[in-house]
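Below is the file entry-v8.csv, which contains CSV, C-alpha atoms.
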```
chain,number,residue,atom,x,y,z
A,1,MET,CA,52.2,84.1,245.3
A,2,ASN,CA,54.4,81.3,243.9
A,3,VAL,CA,58.2,81.7,244.5
A,4,ALA,CA,60.9,79.8,242.7
A,5,HIS,CA,62.8,77.3,244.8
A,6,THR,CA,65.9,78.6,246.6
A,7,PHE,CA,66.5,76.3,249.6
A,8,ASP,CA,65.0,73.7,251.8
A,9,LEU,CA,65.2,73.3,255.6
A,10,ALA,CA,65.8,70.1,257.5
A,11,PHE,CA,66.6,68.9,261.0
A,12,GLY,CA,69.2,66.3,261.7
A,13,ILE,CA,71.6,64.8,264.3
A,14,SER,CA,75.3,65.0,263.7
A,15,GLU,CA,77.9,62.3,264.2
A,16,ARG,CA,78.8,64.0,267.5
A,17,LYS,CA,75.1,63.5,268.5
A,18,ASN,CA,74.3,67.2,268.3
A,19,PRO,CA,71.0,68.4,266.8
A,20,GLU,CA,71.5,70.4,263.7
A,21,ILE,CA,69.6,72.7,261.4
A,22,ILE,CA,70.3,72.0,257.7
A,23,PHE,CA,70.0,74.4,254.7
A,24,ILE,CA,69.9,72.6,251.4
A,25,ILE,CA,70.5,74.2,247.9
A,26,GLU,CA,71.2,72.9,244.4
A,27,ASP,CA,74.9,72.6,243.9
A,28,HIS,CA,75.1,74.9,240.9
A,29,HIS,CA,74.2,77.8,243.3
A,30,GLN,CA,77.3,77.3,245.4
A,31,GLN,CA,79.4,80.1,244.0
A,32,GLU,CA,76.6,82.7,244.3
A,33,LEU,CA,75.7,81.7,247.8
A,34,GLU,CA,79.3,81.9,249.0
A,35,GLU,CA,79.7,85.3,247.4
A,36,ARG,CA,76.5,86.4,249.3
A,37,ILE,CA,77.9,84.9,252.6
A,38,LYS,CA,81.2,86.7,252.1
A,39,THR,CA,79.4,90.1,251.6
A,40,SER,CA,77.0,89.4,254.6
A,41,THR,CA,79.8,88.6,257.0
A,42,GLN,CA,81.9,91.6,256.0
A,43,ASN,CA,78.9,93.9,256.6
A,44,LEU,CA,78.2,92.1,259.9
A,45,GLN,CA,81.8,92.2,261.2
A,46,GLU,CA,81.3,94.9,263.9
A,47,ALA,CA,77.9,93.5,265.1
A,48,ALA,CA,79.4,90.0,265.2
A,49,VAL,CA,82.1,91.1,267.6
A,50,THR,CA,79.6,92.7,269.9
A,51,TYR,CA,77.3,89.7,269.8
A,52,LEU,CA,79.9,87.1,270.4
A,53,GLY,CA,81.8,89.1,273.0
A,54,GLU,CA,84.8,87.3,274.5
A,55,HIS,CA,84.3,84.5,272.0
A,56,ALA,CA,84.4,86.8,269.0
A,57,CYS,CA,85.8,85.2,265.9
A,58,ASP,CA,85.7,85.4,262.1
A,59,PHE,CA,83.3,83.4,260.0
A,60,THR,CA,85.1,80.4,258.6
A,61,MET,CA,84.7,80.5,254.8
A,62,PHE,CA,84.6,76.8,253.9
A,63,SER,CA,87.9,75.5,255.1
A,64,ALA,CA,88.7,71.7,254.8
A,65,ASP,CA,90.0,69.8,257.8
A,66,LEU,CA,90.9,66.1,258.0
A,67,PHE,CA,87.3,65.1,257.9
A,68,ARG,CA,85.1,67.6,256.2
A,69,ILE,CA,84.6,71.2,255.0
A,70,ARG,CA,83.9,73.5,257.9
A,71,PHE,CA,82.2,76.9,257.9
A,72,GLY,CA,80.5,79.4,260.2
A,73,TYR,CA,81.3,81.2,263.4
A,74,GLY,CA,83.3,78.9,265.7
A,75,ASN,CA,83.4,76.3,262.9
A,76,CYS,CA,79.9,75.3,263.9
A,77,GLY,CA,78.9,74.2,260.4
A,78,TYR,CA,80.0,71.6,257.9
A,79,LEU,CA,79.2,71.1,254.2
A,80,LEU,CA,78.0,67.9,252.6
A,81,LYS,CA,77.4,67.1,248.9
A,82,LYS,CA,74.5,64.7,248.1
A,83,ASP,CA,72.8,63.9,244.8
A,84,GLY,CA,73.3,67.2,243.2
A,85,ASN,CA,72.6,69.2,246.3
A,86,LEU,CA,74.7,71.0,249.0
A,87,GLU,CA,73.8,70.6,252.6
A,88,TYR,CA,74.9,73.3,255.0
A,89,HIS,CA,74.7,71.7,258.5
A,90,VAL,CA,74.8,74.0,261.5
A,91,GLU,CA,75.5,72.0,264.7
A,92,LEU,CA,73.7,73.2,267.8
A,93,SER,CA,75.4,73.1,271.2
A,94,THR,CA,75.6,74.9,274.5
A,95,ALA,CA,77.4,78.2,275.1
A,96,PRO,CA,79.4,79.6,273.4
A,97,GLY,CA,78.3,77.2,270.5
A,98,VAL,CA,74.7,78.4,270.9
A,99,ASN,CA,75.6,81.9,269.7
A,100,PHE,CA,77.9,80.6,267.0
A,101,ALA,CA,74.9,78.7,265.6
A,102,THR,CA,72.4,81.6,265.8
A,103,LEU,CA,74.8,84.0,264.1
A,104,THR,CA,75.7,81.4,261.4
A,105,ILE,CA,72.0,80.7,260.8
A,106,HIS,CA,71.4,84.5,260.6
A,107,VAL,CA,74.0,84.8,257.8
A,108,LEU,CA,72.6,81.8,255.9
A,109,SER,CA,68.9,82.8,256.2
A,110,TRP,CA,69.6,86.4,255.0
A,111,SER,CA,71.9,85.1,252.2
A,112,LEU,CA,69.1,82.8,251.0
A,113,SER,CA,66.2,85.3,251.3
A,114,VAL,CA,66.1,86.1,247.6
A,115,PRO,CA,66.2,83.7,244.6
A,116,PHE,CA,69.5,82.9,242.8
A,117,LYS,CA,70.3,84.3,239.4
A,118,LEU,CA,70.5,80.8,237.9
A,119,PRO,CA,67.1,79.1,237.6
A,120,PRO,CA,66.4,76.1,239.7
A,121,ARG,CA,66.5,72.6,238.1
A,122,THR,CA,63.3,71.6,239.9
A,123,ASN,CA,59.7,72.8,239.5
A,124,GLN,CA,59.4,72.7,243.2
A,125,LEU,CA,58.3,76.0,244.8
A,126,GLN,CA,59.8,77.6,247.8
A,127,SER,CA,58.2,76.7,251.1
A,128,LEU,CA,59.3,79.7,253.1
A,129,VAL,CA,61.5,82.8,253.4
A,130,LEU,CA,63.3,83.1,256.8
A,131,TYR,CA,64.9,86.1,258.6
A,132,THR,CA,66.5,86.0,262.1
A,133,ILE,CA,67.9,88.6,264.5
A,134,CYS,CA,70.8,88.1,266.8
A,135,ASP,CA,71.2,90.9,269.3
A,136,HIS,CA,71.7,90.6,273.1
A,137,TYR,CA,71.1,94.3,273.7
A,138,ARG,CA,68.0,95.1,271.5
A,139,ARG,CA,65.8,97.7,273.1
A,140,GLY,CA,62.3,96.4,273.7
A,141,GLY,CA,63.4,92.7,273.6
A,142,TYR,CA,62.9,90.4,270.7
A,143,GLY,CA,66.6,90.1,270.4
A,144,HIS,CA,66.4,86.7,268.7
A,145,ALA,CA,63.2,87.3,266.7
A,146,VAL,CA,62.3,85.2,263.7
A,147,SER,CA,60.2,86.4,260.8
A,148,GLY,CA,59.5,85.7,257.2
A,149,TYR,CA,56.9,84.3,254.9
A,150,VAL,CA,55.3,80.8,254.6
A,151,HIS,CA,54.4,79.9,251.0
A,152,GLN,CA,51.9,77.6,249.3
A,153,PRO,CA,53.7,74.2,249.5
A,154,LEU,CA,53.9,74.4,253.3
A,155,ASN,CA,50.5,76.0,253.7
A,156,GLU,CA,48.9,73.2,251.8
A,157,TRP,CA,50.6,70.5,253.8
A,158,LEU,CA,49.6,72.2,257.1
A,159,ARG,CA,46.0,72.3,256.1
A,160,GLU,CA,46.0,68.7,254.9
A,161,TYR,CA,47.7,67.5,258.1
A,162,ALA,CA,45.2,69.2,260.3
A,163,LYS,CA,42.3,67.9,258.2
A,164,VAL,CA,43.5,64.3,258.4
A,165,ASN,CA,44.5,64.4,262.1
A,166,GLY,CA,42.2,66.9,263.7
A,167,ASP,CA,38.9,66.4,265.5
A,168,LYS,CA,36.4,68.7,263.9
A,169,ASP,CA,34.0,68.4,266.8
A,170,LEU,CA,36.3,69.9,269.3
A,171,SER,CA,38.7,72.9,269.1
A,172,GLY,CA,39.8,72.6,265.5
A,173,LEU,CA,43.4,72.3,266.7
A,174,VAL,CA,45.8,69.3,266.3
A,175,SER,CA,49.2,68.7,267.8
A,176,VAL,CA,52.2,68.9,265.4
A,177,PRO,CA,53.8,65.6,264.6
A,178,GLU,CA,55.7,64.0,267.5
A,179,SER,CA,59.0,64.2,265.6
A,180,VAL,CA,58.6,68.0,265.5
A,181,LEU,CA,58.3,68.2,269.3
A,182,GLU,CA,61.2,65.8,269.7
A,183,ALA,CA,63.4,68.0,267.6
A,184,MET,CA,62.5,71.0,269.7
A,185,MET,CA,63.0,69.2,273.0
A,186,MET,CA,66.4,67.8,271.8
A,187,THR,CA,67.5,71.2,270.8
A,188,TRP,CA,66.5,72.8,274.1
A,189,GLN,CA,68.4,70.2,276.0
A,190,ALA,CA,71.5,70.5,273.8
A,191,THR,CA,71.8,74.3,273.9
A,192,CYS,CA,70.5,75.5,277.3
A,193,ARG,CA,72.5,75.8,280.5
A,194,GLU,CA,72.1,73.1,283.1
A,195,SER,CA,69.7,75.1,285.3
A,196,LEU,CA,67.2,75.4,282.4
A,197,LYS,CA,67.1,71.7,281.3
A,198,GLU,CA,64.0,71.0,283.3
A,199,TYR,CA,62.1,73.3,281.0
A,200,GLY,CA,62.8,71.2,277.9
A,201,ASP,CA,59.9,68.8,278.1
A,202,SER,CA,56.3,68.5,277.0
A,203,ARG,CA,55.0,70.8,279.7
A,204,TYR,CA,56.7,73.7,278.0
A,205,ILE,CA,57.4,72.7,274.4
A,206,LEU,CA,54.3,72.5,272.4
A,207,GLY,CA,53.1,72.9,268.8
A,208,MET,CA,49.6,73.2,267.3
A,209,ILE,CA,48.1,73.4,263.8
A,210,ARG,CA,44.7,74.8,262.9
A,211,MET,CA,42.4,73.6,260.2
A,212,ASN,CA,43.1,76.7,258.1
A,213,GLY,CA,46.9,76.1,258.2
A,214,ALA,CA,47.8,78.5,261.0
A,215,PHE,CA,50.3,77.0,263.4
A,216,ILE,CA,52.2,77.9,266.5
A,217,PHE,CA,55.3,76.6,268.4
A,218,HIS,CA,55.8,77.3,272.1
A,219,CYS,CA,58.9,77.0,274.4
A,220,PHE,CA,59.8,78.1,277.9
A,221,GLY,CA,59.7,81.9,278.4
A,222,ASN,CA,57.4,84.8,278.8
A,223,ALA,CA,54.7,83.7,276.3
A,224,CYS,CA,57.5,82.8,273.8
A,225,ASP,CA,56.2,81.5,270.5
A,226,MET,CA,56.6,81.5,266.8
A,227,GLY,CA,54.3,80.6,263.9
A,228,VAL,CA,51.6,81.8,261.4
A,229,TYR,CA,49.0,83.4,263.6
A,230,PRO,CA,45.2,83.0,262.9
A,231,ASP,CA,44.8,86.7,262.2
A,232,GLY,CA,47.5,86.3,259.5
A,233,ILE,CA,45.3,84.0,257.4
A,234,SER,CA,43.6,85.6,254.4
A,235,GLN,CA,41.3,83.7,252.1
A,236,GLY,CA,43.0,83.1,248.8
A,237,ILE,CA,46.4,84.5,249.8
A,238,GLU,CA,49.1,81.8,249.9
A,239,MET,CA,51.9,84.0,251.3
A,240,ARG,CA,51.5,84.2,255.1
A,241,ASP,CA,53.6,86.1,257.6
A,242,LEU,CA,55.8,84.1,259.9
A,243,GLN,CA,55.8,85.9,263.2
A,244,CYS,CA,57.0,85.5,266.8
A,245,HIS,CA,56.2,86.8,270.3
A,246,ASN,CA,58.7,87.5,273.1
A,247,LEU,CA,61.5,85.6,271.3
A,248,ASP,CA,64.4,87.0,273.3
A,249,GLY,CA,67.0,84.3,273.8
A,250,ALA,CA,69.3,82.3,271.6
A,251,VAL,CA,68.2,79.0,273.0
A,252,GLN,CA,64.5,79.9,272.4
A,253,GLN,CA,65.3,80.8,268.8
A,254,LEU,CA,67.1,77.6,268.0
A,255,THR,CA,64.5,75.5,269.7
A,256,LEU,CA,61.7,77.0,267.6
A,257,LEU,CA,63.7,76.9,264.4
A,258,ALA,CA,64.4,73.2,265.0
A,259,GLY,CA,60.7,72.6,265.0
A,260,LEU,CA,60.2,74.7,261.9
A,261,ALA,CA,63.0,72.9,260.1
A,262,LYS,CA,61.5,69.5,261.0
A,263,LEU,CA,58.1,70.6,259.9
A,264,CYS,CA,59.5,71.7,256.5
A,265,GLN,CA,61.3,68.4,256.2
A,266,LEU,CA,58.1,66.4,256.9
A,267,ALA,CA,56.1,68.5,254.4
A,268,ARG,CA,58.7,67.9,251.7
A,269,GLU,CA,58.9,64.1,252.3
```
Final structure tokens representation of the file:
Amino acid sequence: MNVAHTFDLAFGISERKNPEIIFIIEDHHQQELEERIKTSTQNLQEAAVTYLGEHACDFTMFSADLFRIRFGYGNCGYLLKKDGNLEYHVELSTAPGVNFATLTIHVLSWSLSVPFKLPPRTNQLQSLVLYTICDHYRRGGYGHAVSGYVHQPLNEWLREYAKVNGDKDLSGLVSVPESVLEAMMMTWQATCRESLKEYGDSRYILGMIRMNGAFIFHCFGNACDMGVYPDGISQGIEMRDLQCHNLDGAVQQLTLLAGLAKLCQLARE
């Protein structure tokens, strides 16, 4: 299933040395996206107060300060314009910033989950659709679950990467690029509380790709992971389910999303 381009994901480091997850759209979609964001935040108002607790605040709707245009809960995001595109940067930091970031990403991902009314300028296809959950009190856990669909462009890159870098005589698995693991480790260290920093290294943060394009990211937790699982691969079907397991915490969600964002960035470049 081919889907028209809506947005791209990337991973970056801000001027304040914080890791960040970046949503990129073509600039002629700005008005429609901001209308969607306004509607989403209005509908989310009561849930946002519950989620943020004592740090509850309104979503900043693109307010200019001395340096840049800020947006998001707790002003955790900023907007940049580059070469006909708009980049929505969400800075990742420790509490309460970690929850400002997850809730802001929740609004952006849902607002970008369907194509825009105006056609894209590019023939590029969409790589994935992303949904996130932000709920500290969800029954049965998975309060920061991630789901969605991975489409043809990313699927093809994953298969090619595994083919070039894998050892066909062994397990059929290959580690994700080192820069993906670095993005995940950096995000864990930047967002977790001090007592959990020891779990932000290569013993706990892992990523593997299979020859068929299935992939998985792991971080510290009770078998906490996210990816396209092997049983979600069907021959000839290019839309694959993005799934997770025991994705309960905000730090876990941001860590795995950072890896996904960097993976998408590499596939695009």
One number please: atom CA of A:Glu91 to atom CA of A:Phe116, in Å, one decimal. 25.2 Å
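Nearest residue to A:Ile21, choosing from A:Ala190, A:Leu9, A:Leu44, A:Ala223 and counting only C-alpha atoms: A:Leu9.
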Residues of stretch 87-107 of chain A that have any atom at most 12 Å from an atom of stretch 123-130 of chain A: could you tabulate them with the shortest-distance atom pair and the distance in Å to one decimal, using all atoms listed in the file, ordered by chain and increasing number, as JSON lines?
```
{"residue": "A:Ile105", "atom": "CA", "partner": "A:Leu130", "partner_atom": "CA", "distance": 9.9}
{"residue": "A:His106", "atom": "CA", "partner": "A:Leu130", "partner_atom": "CA", "distance": 9.1}
{"residue": "A:Val107", "atom": "CA", "partner": "A:Leu130", "partner_atom": "CA", "distance": 10.9}
```
Test item: residues at most 8 Å from A:Leu92, only C-alpha atoms, excluding those fewer than 6 positions along its chain, as a PyMOL selection string: chain A and resi 18-21+76+98+101+187+190-191+254
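The residue that comes closest to A:His151, out of A:Glu182, A:His5, A:Arg121, A:Ile209 and on the basis of all atoms listed in the file, is A:His5.
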Write out as an NGL selection string the residues lying within 9 Å of A:Phe11, counting all atoms listed in the file and excluding same-chain residues fewer than 4 positions away. :A and (19-22 or 89 or 183 or 258-265)
Rebuild stretch 216-245 of chain A so that it carries N, CA and C atoms, then output the result as a PDB file, in the frame of the given file.
```pdb
ATOM      1  N   ILE A 216      51.467  77.195 265.521  1.00  0.00           N
ATOM      2  CA  ILE A 216      52.200  77.900 266.500  1.00  0.00           C
ATOM      3  C   ILE A 216      53.114  76.900 267.292  1.00  0.00           C
ATOM      4  N   PHE A 217      54.349  77.327 267.586  1.00  0.00           N
ATOM      5  CA  PHE A 217      55.300  76.600 268.400  1.00  0.00           C
ATOM      6  C   PHE A 217      55.496  77.390 269.708  1.00  0.00           C
ATOM      7  N   HIS A 218      55.523  76.715 270.855  1.00  0.00           N
ATOM      8  CA  HIS A 218      55.800  77.300 272.100  1.00  0.00           C
ATOM      9  C   HIS A 218      57.048  76.716 272.757  1.00  0.00           C
ATOM     10  N   CYS A 219      57.815  77.537 273.491  1.00  0.00           N
ATOM     11  CA  CYS A 219      58.900  77.000 274.400  1.00  0.00           C
ATOM     12  C   CYS A 219      58.885  77.827 275.640  1.00  0.00           C
ATOM     13  N   PHE A 220      59.707  77.424 276.587  1.00  0.00           N
ATOM     14  CA  PHE A 220      59.800  78.100 277.900  1.00  0.00           C
ATOM     15  C   PHE A 220      60.159  79.569 277.689  1.00  0.00           C
ATOM     16  N   GLY A 221      59.491  80.446 278.439  1.00  0.00           N
ATOM     17  CA  GLY A 221      59.700  81.900 278.400  1.00  0.00           C
ATOM     18  C   GLY A 221      58.491  82.645 278.716  1.00  0.00           C
ATOM     19  N   ASN A 222      58.528  83.937 278.520  1.00  0.00           N
ATOM     20  CA  ASN A 222      57.400  84.800 278.800  1.00  0.00           C
ATOM     21  C   ASN A 222      56.473  84.817 277.566  1.00  0.00           C
ATOM     22  N   ALA A 223      55.587  83.804 277.462  1.00  0.00           N
ATOM     23  CA  ALA A 223      54.700  83.700 276.300  1.00  0.00           C
ATOM     24  C   ALA A 223      55.512  83.672 274.997  1.00  0.00           C
ATOM     25  N   CYS A 224      56.576  82.880 274.992  1.00  0.00           N
ATOM     26  CA  CYS A 224      57.500  82.800 273.800  1.00  0.00           C
ATOM     27  C   CYS A 224      56.943  81.855 272.803  1.00  0.00           C
ATOM     28  N   ASP A 225      56.716  82.348 271.580  1.00  0.00           N
ATOM     29  CA  ASP A 225      56.200  81.500 270.500  1.00  0.00           C
ATOM     30  C   ASP A 225      56.578  81.992 269.152  1.00  0.00           C
ATOM     31  N   MET A 226      56.280  81.165 268.153  1.00  0.00           N
ATOM     32  CA  MET A 226      56.600  81.500 266.800  1.00  0.00           C
ATOM     33  C   MET A 226      55.568  80.734 265.881  1.00  0.00           C
ATOM     34  N   GLY A 227      55.132  81.357 264.793  1.00  0.00           N
ATOM     35  CA  GLY A 227      54.300  80.600 263.900  1.00  0.00           C
ATOM     36  C   GLY A 227      53.548  81.551 262.911  1.00  0.00           C
ATOM     37  N   VAL A 228      52.553  81.004 262.254  1.00  0.00           N
ATOM     38  CA  VAL A 228      51.600  81.800 261.400  1.00  0.00           C
ATOM     39  C   VAL A 228      50.364  81.925 262.282  1.00  0.00           C
ATOM     40  N   TYR A 229      50.074  83.137 262.732  1.00  0.00           N
ATOM     41  CA  TYR A 229      49.000  83.400 263.600  1.00  0.00           C
ATOM     42  C   TYR A 229      47.630  83.370 262.897  1.00  0.00           C
ATOM     43  N   PRO A 230      46.535  83.026 263.595  1.00  0.00           N
ATOM     44  CA  PRO A 230      45.200  83.000 262.900  1.00  0.00           C
ATOM     45  C   PRO A 230      44.831  84.266 262.238  1.00  0.00           C
ATOM     46  N   ASP A 231      45.197  85.414 262.822  1.00  0.00           N
ATOM     47  CA  ASP A 231      44.800  86.700 262.200  1.00  0.00           C
ATOM     48  C   ASP A 231      45.667  86.995 260.964  1.00  0.00           C
ATOM     49  N   GLY A 232      46.672  86.130 260.689  1.00  0.00           N
ATOM     50  CA  GLY A 232      47.500  86.300 259.500  1.00  0.00           C
ATOM     51  C   GLY A 232      47.014  85.492 258.309  1.00  0.00           C
ATOM     52  N   ILE A 233      45.864  84.811 258.471  1.00  0.00           N
ATOM     53  CA  ILE A 233      45.300  84.000 257.400  1.00  0.00           C
ATOM     54  C   ILE A 233      44.282  84.786 256.613  1.00  0.00           C
ATOM     55  N   SER A 234      44.512  84.947 255.331  1.00  0.00           N
ATOM     56  CA  SER A 234      43.600  85.600 254.400  1.00  0.00           C
ATOM     57  C   SER A 234      43.138  84.681 253.355  1.00  0.00           C
ATOM     58  N   GLN A 235      41.847  84.643 253.077  1.00  0.00           N
ATOM     59  CA  GLN A 235      41.300  83.700 252.100  1.00  0.00           C
ATOM     60  C   GLN A 235      41.925  83.997 250.713  1.00  0.00           C
ATOM     61  N   GLY A 236      42.457  82.946 250.104  1.00  0.00           N
ATOM     62  CA  GLY A 236      43.000  83.100 248.800  1.00  0.00           C
ATOM     63  C   GLY A 236      44.398  83.592 248.661  1.00  0.00           C
ATOM     64  N   ILE A 237      45.004  83.959 249.796  1.00  0.00           N
ATOM     65  CA  ILE A 237      46.400  84.500 249.800  1.00  0.00           C
ATOM     66  C   ILE A 237      47.287  83.388 250.340  1.00  0.00           C
ATOM     67  N   GLU A 238      48.264  82.965 249.536  1.00  0.00           N
ATOM     68  CA  GLU A 238      49.100  81.800 249.900  1.00  0.00           C
ATOM     69  C   GLU A 238      50.458  82.248 250.487  1.00  0.00           C
ATOM     70  N   MET A 239      50.710  83.547 250.644  1.00  0.00           N
ATOM     71  CA  MET A 239      51.900  84.000 251.300  1.00  0.00           C
ATOM     72  C   MET A 239      51.533  84.534 252.672  1.00  0.00           C
ATOM     73  N   ARG A 240      51.963  83.853 253.722  1.00  0.00           N
ATOM     74  CA  ARG A 240      51.500  84.200 255.100  1.00  0.00           C
ATOM     75  C   ARG A 240      52.719  84.611 255.923  1.00  0.00           C
ATOM     76  N   ASP A 241      52.502  85.563 256.790  1.00  0.00           N
ATOM     77  CA  ASP A 241      53.600  86.100 257.600  1.00  0.00           C
ATOM     78  C   ASP A 241      53.958  85.092 258.710  1.00  0.00           C
ATOM     79  N   LEU A 242      55.254  84.826 258.802  1.00  0.00           N
ATOM     80  CA  LEU A 242      55.800  84.100 259.900  1.00  0.00           C
ATOM     81  C   LEU A 242      56.173  85.102 260.998  1.00  0.00           C
ATOM     82  N   GLN A 243      55.620  84.929 262.191  1.00  0.00           N
ATOM     83  CA  GLN A 243      55.800  85.900 263.200  1.00  0.00           C
ATOM     84  C   GLN A 243      56.226  85.244 264.542  1.00  0.00           C
ATOM     85  N   CYS A 244      56.586  86.066 265.524  1.00  0.00           N
ATOM     86  CA  CYS A 244      57.000  85.500 266.800  1.00  0.00           C
ATOM     87  C   CYS A 244      56.513  86.469 267.915  1.00  0.00           C
ATOM     88  N   HIS A 245      56.573  85.977 269.151  1.00  0.00           N
ATOM     89  CA  HIS A 245      56.200  86.800 270.300  1.00  0.00           C
ATOM     90  C   HIS A 245      57.219  86.528 271.428  1.00  0.00           C
TER      91      HIS A 245
END
```
